[in-house]
file model10.txt (compact mmCIF, C-alpha atoms)
# COMPACT_ATOMS: atom_id res chain seq x y z
CA MET A 1 88.66 82.52 124.05
CA SER A 2 89.96 85.45 126.04
CA LYS A 3 87.95 88.52 127.01
CA GLN A 4 87.62 91.32 124.47
CA PRO A 5 89.71 94.33 125.56
CA THR A 6 87.61 97.47 126.09
CA SER A 7 90.24 100.18 126.43
CA ARG A 8 92.55 101.58 123.77
CA LEU A 9 95.52 100.46 125.81
CA GLY A 10 94.06 96.96 126.10
CA ARG A 11 93.50 96.74 122.34
CA LEU A 12 97.01 98.07 121.67
CA ALA A 13 98.47 95.51 124.08
CA ARG A 14 96.57 92.68 122.37
CA LEU A 15 97.72 93.83 118.93
CA SER A 16 101.31 94.22 120.19
CA GLY A 17 101.20 90.71 121.61
CA LEU A 18 100.01 89.37 118.27
CA THR A 19 102.79 91.21 116.44
CA SER A 20 105.37 89.82 118.85
CA LYS A 21 104.10 86.23 118.53
CA VAL A 22 103.94 86.30 114.75
CA GLY A 23 107.26 88.10 114.30
CA SER A 24 109.16 85.92 116.75
CA SER A 25 107.72 82.74 115.24
CA TYR A 26 109.08 83.70 111.80
CA LEU A 27 112.42 84.71 113.30
CA GLY A 28 112.62 81.37 115.09
CA GLN A 29 111.85 79.52 111.87
CA ARG A 30 114.56 81.47 110.03
CA VAL A 31 117.09 80.31 112.62
CA ALA A 32 115.79 76.72 112.53
CA ALA A 33 115.85 76.73 108.71
CA VAL A 34 119.65 76.88 108.77
CA PHE A 35 119.63 73.33 110.15
CA GLN A 36 116.77 71.93 108.03
CA ASP A 37 116.74 70.29 104.62
CA ASP A 38 114.70 71.92 101.87
CA ASP A 39 111.54 69.77 102.28
CA THR A 40 111.50 70.14 106.06
CA ARG A 41 112.02 73.90 105.76
CA LYS A 42 109.14 74.28 103.27
CA ASP A 43 106.81 72.15 105.41
CA ALA A 44 107.70 74.07 108.58
CA MET A 45 107.07 77.41 106.84
CA ARG A 46 103.71 76.16 105.50
CA ARG A 47 102.61 75.11 108.99
CA LEU A 48 103.84 78.41 110.42
CA HIS A 49 101.84 80.43 107.86
CA ILE A 50 98.69 78.53 108.86
CA THR A 51 99.31 78.89 112.60
CA ASN A 52 99.95 82.62 112.27
CA ALA A 53 96.87 83.14 110.07
CA GLU A 54 94.79 81.49 112.80
CA ARG A 55 96.40 83.75 115.42
CA VAL A 56 95.68 86.84 113.34
CA ALA A 57 92.06 85.82 112.69
CA GLU A 58 91.38 85.05 116.35
CA THR A 59 92.97 88.22 117.70
CA MET A 60 91.56 90.63 115.12
CA GLY A 61 88.15 89.01 115.46
CA GLN A 62 88.23 89.77 119.19
CA LEU A 63 89.45 93.33 118.70
CA LYS A 64 86.62 94.25 116.29
CA GLY A 65 86.47 97.62 114.55
CA ALA A 66 89.46 98.80 112.55
CA ALA A 67 91.60 95.80 113.51
CA MET A 68 88.95 93.45 112.17
CA LYS A 69 88.72 95.46 108.94
CA VAL A 70 92.49 95.15 108.51
CA GLY A 71 92.16 91.39 109.00
CA GLN A 72 89.37 91.25 106.41
CA GLY A 73 91.66 93.10 104.00
CA LEU A 74 94.41 90.58 104.71
CA ALA A 75 91.99 87.78 103.87
CA GLN A 76 91.39 89.29 100.43
CA ILE A 77 95.11 89.86 99.83
CA ALA A 78 95.97 86.30 100.94
CA GLU A 79 93.84 84.90 98.12
CA GLY A 80 96.24 86.39 95.56
CA LEU A 81 99.44 85.24 97.25
CA ASP A 82 101.26 81.93 97.04
CA LEU A 83 100.14 80.75 100.48
CA PRO A 84 98.50 77.51 101.63
CA GLU A 85 94.71 77.40 101.17
CA GLU A 86 94.33 77.04 104.93
CA VAL A 87 95.71 80.58 105.41
CA GLY A 88 92.89 82.07 103.33
CA ARG A 89 90.32 79.93 105.13
CA ALA A 90 91.59 81.00 108.55
CA LEU A 91 91.51 84.70 107.64
CA SER A 92 88.15 84.45 105.87
CA LYS A 93 86.56 83.70 109.27
CA LEU A 94 86.78 87.45 109.81
CA ASN A 95 84.42 87.98 106.86
CA ASP A 96 81.69 85.51 107.63
CA ARG A 97 81.88 84.36 111.22
CA ALA A 98 82.54 87.46 113.25
CA GLU A 99 81.63 86.93 116.87
CA ALA A 100 78.77 89.11 118.14
CA VAL A 101 79.22 91.22 121.24
CA PRO A 102 76.85 90.07 124.03
CA PHE A 103 73.69 92.21 124.15
CA GLN A 104 74.25 93.06 127.83
CA THR A 105 77.56 94.71 126.89
CA ILE A 106 75.82 96.65 124.12
CA ARG A 107 73.06 97.71 126.52
CA GLU A 108 75.57 98.95 129.10
CA ASP A 109 77.52 100.92 126.47
CA ILE A 110 74.42 102.63 125.08
CA GLU A 111 72.99 103.44 128.51
CA ARG A 112 76.32 104.80 129.73
CA GLU A 113 76.83 106.97 126.62
CA LEU A 114 73.27 108.29 126.49
CA GLU A 115 72.90 108.45 130.28
CA ALA A 116 69.46 106.82 130.32
CA PRO A 117 67.89 103.34 130.30
CA LEU A 118 67.21 101.85 126.86
CA ASP A 119 63.45 101.59 127.43
CA LYS A 120 63.34 105.37 127.99
CA LEU A 121 65.31 106.07 124.81
CA PHE A 122 63.74 103.62 122.37
CA SER A 123 60.21 102.32 121.86
CA ARG A 124 61.57 98.93 120.77
CA ILE A 125 64.93 97.26 120.80
CA ASP A 126 65.82 93.88 119.36
CA PRO A 127 68.67 92.16 121.20
CA GLU A 128 69.37 89.82 118.27
CA PRO A 129 72.06 91.18 115.93
CA LEU A 130 71.19 91.49 112.26
CA GLY A 131 74.78 90.67 111.42
CA THR A 132 78.15 92.31 111.43
CA ALA A 133 78.88 95.27 109.22
CA SER A 134 80.47 98.67 109.22
CA TRP A 135 79.83 101.84 111.23
CA PRO A 136 76.27 102.87 112.16
CA ARG A 137 74.54 105.58 110.17
CA PRO A 138 71.97 108.13 111.39
CA THR A 139 68.39 107.39 110.34
CA PRO A 140 65.15 109.42 110.26
CA PRO A 141 62.91 109.49 113.39
CA GLY A 142 60.90 106.31 113.91
CA CYS A 143 63.03 104.25 111.52
CA PRO A 144 65.14 101.38 112.76
CA THR A 145 68.68 102.35 113.62
CA VAL A 146 70.84 99.42 112.57
CA ALA A 147 74.36 99.12 113.85
CA PRO A 148 76.75 96.17 113.75
CA SER A 149 77.05 93.82 116.68
CA SER A 150 80.80 93.62 116.15
CA SER A 151 81.26 97.29 117.01
CA ARG A 152 79.26 97.16 120.23
CA CYS A 153 76.05 98.80 118.97
CA SER A 154 72.59 97.39 118.34
CA THR A 155 69.28 97.77 116.51
CA ALA A 156 66.66 100.09 117.93
CA THR A 157 63.66 102.23 117.01
CA SER A 158 63.58 105.71 118.48
CA SER A 159 60.67 106.79 120.69
CA THR A 160 61.64 110.44 120.34
CA PRO A 161 61.14 112.74 117.34
CA SER A 162 64.87 112.96 116.83
CA PRO A 163 66.75 109.73 117.63
CA PRO A 164 69.93 110.08 119.61
CA THR A 165 73.04 109.11 117.73
CA LEU A 166 75.83 107.14 119.32
CA PRO A 167 79.21 108.85 119.27
CA ARG A 168 81.60 106.64 117.33
CA SER A 169 84.54 107.59 119.47
CA LYS A 170 83.17 106.03 122.64
CA ALA A 171 80.11 103.77 122.21
CA CYS A 172 81.01 102.13 118.92
CA LEU A 173 84.35 100.59 119.67
call {"tool": "encode", "arguments": {"input": "model10.txt", "output": "C-alpha cells"}}
result
Amino acid sequence: MSKQPTSRLGRLARLSGLTSKVGSSYLGQRVAAVFQDDDTRKDAMRRLHITNAERVAETMGQLKGAAMKVGQGLAQIAEGLDLPEEVGRALSKLNDRAEAVPFQTIREDIERELEAPLDKLFSRIDPEPLGTASWPRPTPPGCPTVAPSSSRCSTATSSTPSPPTLPRSKACL
C-alpha cells in the first residue's frame, strides 16, 4: 500500500491518477472490443469492472474524508446496478474495513494544530480508534471527544473547562 497523501495537491494527484487509470482502461477495452467476439467482450468487461472497483476502493480508502464518502456512496449505488457481485464487495470495503490512521500521525496533527503536547491538553487519551465515522462534534467539558480515525483525529477527554476543538479545515483531513 502506498503512503496516504497529506496535502490537497497530493490528494488531487492521487484522485486524478485513479480517474486516468479507470478511464483509460475502459477506453482500451472499447478499442479491444472491436476485435472480440460477444462472450470474450462480456467477460473482459466483467473483469474490468471488478479491477476498477478494487482500484477505486483502494484509492478512496487511502484518501479518507470526502473521497471515502463518495466511494461509500458508490458502494450503495453499485448494489442496484447490473454489475458483478465482486464490484459491490470491493466497494463495500470502504464501509466496513476502513484503514485507521496511525496514532502517531494523529498525535502530530493535534499537537501541531493546538500548539501543545497532548498530555497538556487532555487528561486522558486513548490511542485505540473506536472505529471510523464522520466528522467530529464538539462535546461538553470533561466528556470524551470522539472523532474518527479515518479523518486523522482521535478520542480524548479534556483537562480544561472548555475543550479545544480541532479545526476541520486543517487537523481533520
call {"tool": "residues_around", "arguments": {"input": "model10.txt", "residues": "Glu79 of chain A", "least_positions_apart": "5", "cutoff": "12 Å", "atoms": "all atoms listed in the file", "output": "number ranges by chain"}}
result
A: 72-74, 84-92
call {"tool": "closest_residue", "arguments": {"input": "model10.txt", "among": "A:Val31, A:Val22, A:Ser16, A:Leu83", "to": "Thr51 of chain A", "atoms": "all atoms listed in the file"}}
result
A:Val22
call {"tool": "atom_distance", "arguments": {"input": "model10.txt", "atom1": "atom CA of Glu111 of chain A", "atom2": "atom CA of Pro5 of chain A"}}
result
19.3 Å
call {"tool": "closest_residue", "arguments": {"input": "model10.txt", "among": "A:Ile125, A:Pro117, A:Val101, A:Gly23", "to": "Gln62 of chain A", "atoms": "all atoms listed in the file"}}
result
A:Val101
call {"tool": "axis_aligned_box", "arguments": {"input": "model10.txt", "around": "segment 54-66 of chain A", "padding_each_side": "8 Å", "output": "lines of an AutoDock Vina configuration file"}}
result
center_x = 91.4
center_y = 90.1
center_z = 115.9
size_x = 25.9
size_y = 33.3
size_z = 22.6
call {"tool": "atom_distance", "arguments": {"input": "model10.txt", "atom1": "atom CA of Met60 of chain A", "atom2": "atom CA of Leu18 of chain A"}}
result
9.1 Å
call {"tool": "atom_distance", "arguments": {"input": "model10.txt", "atom1": "atom CA of Lys93 of chain A", "atom2": "atom CA of Ala57 of chain A"}}
result
6.8 Å
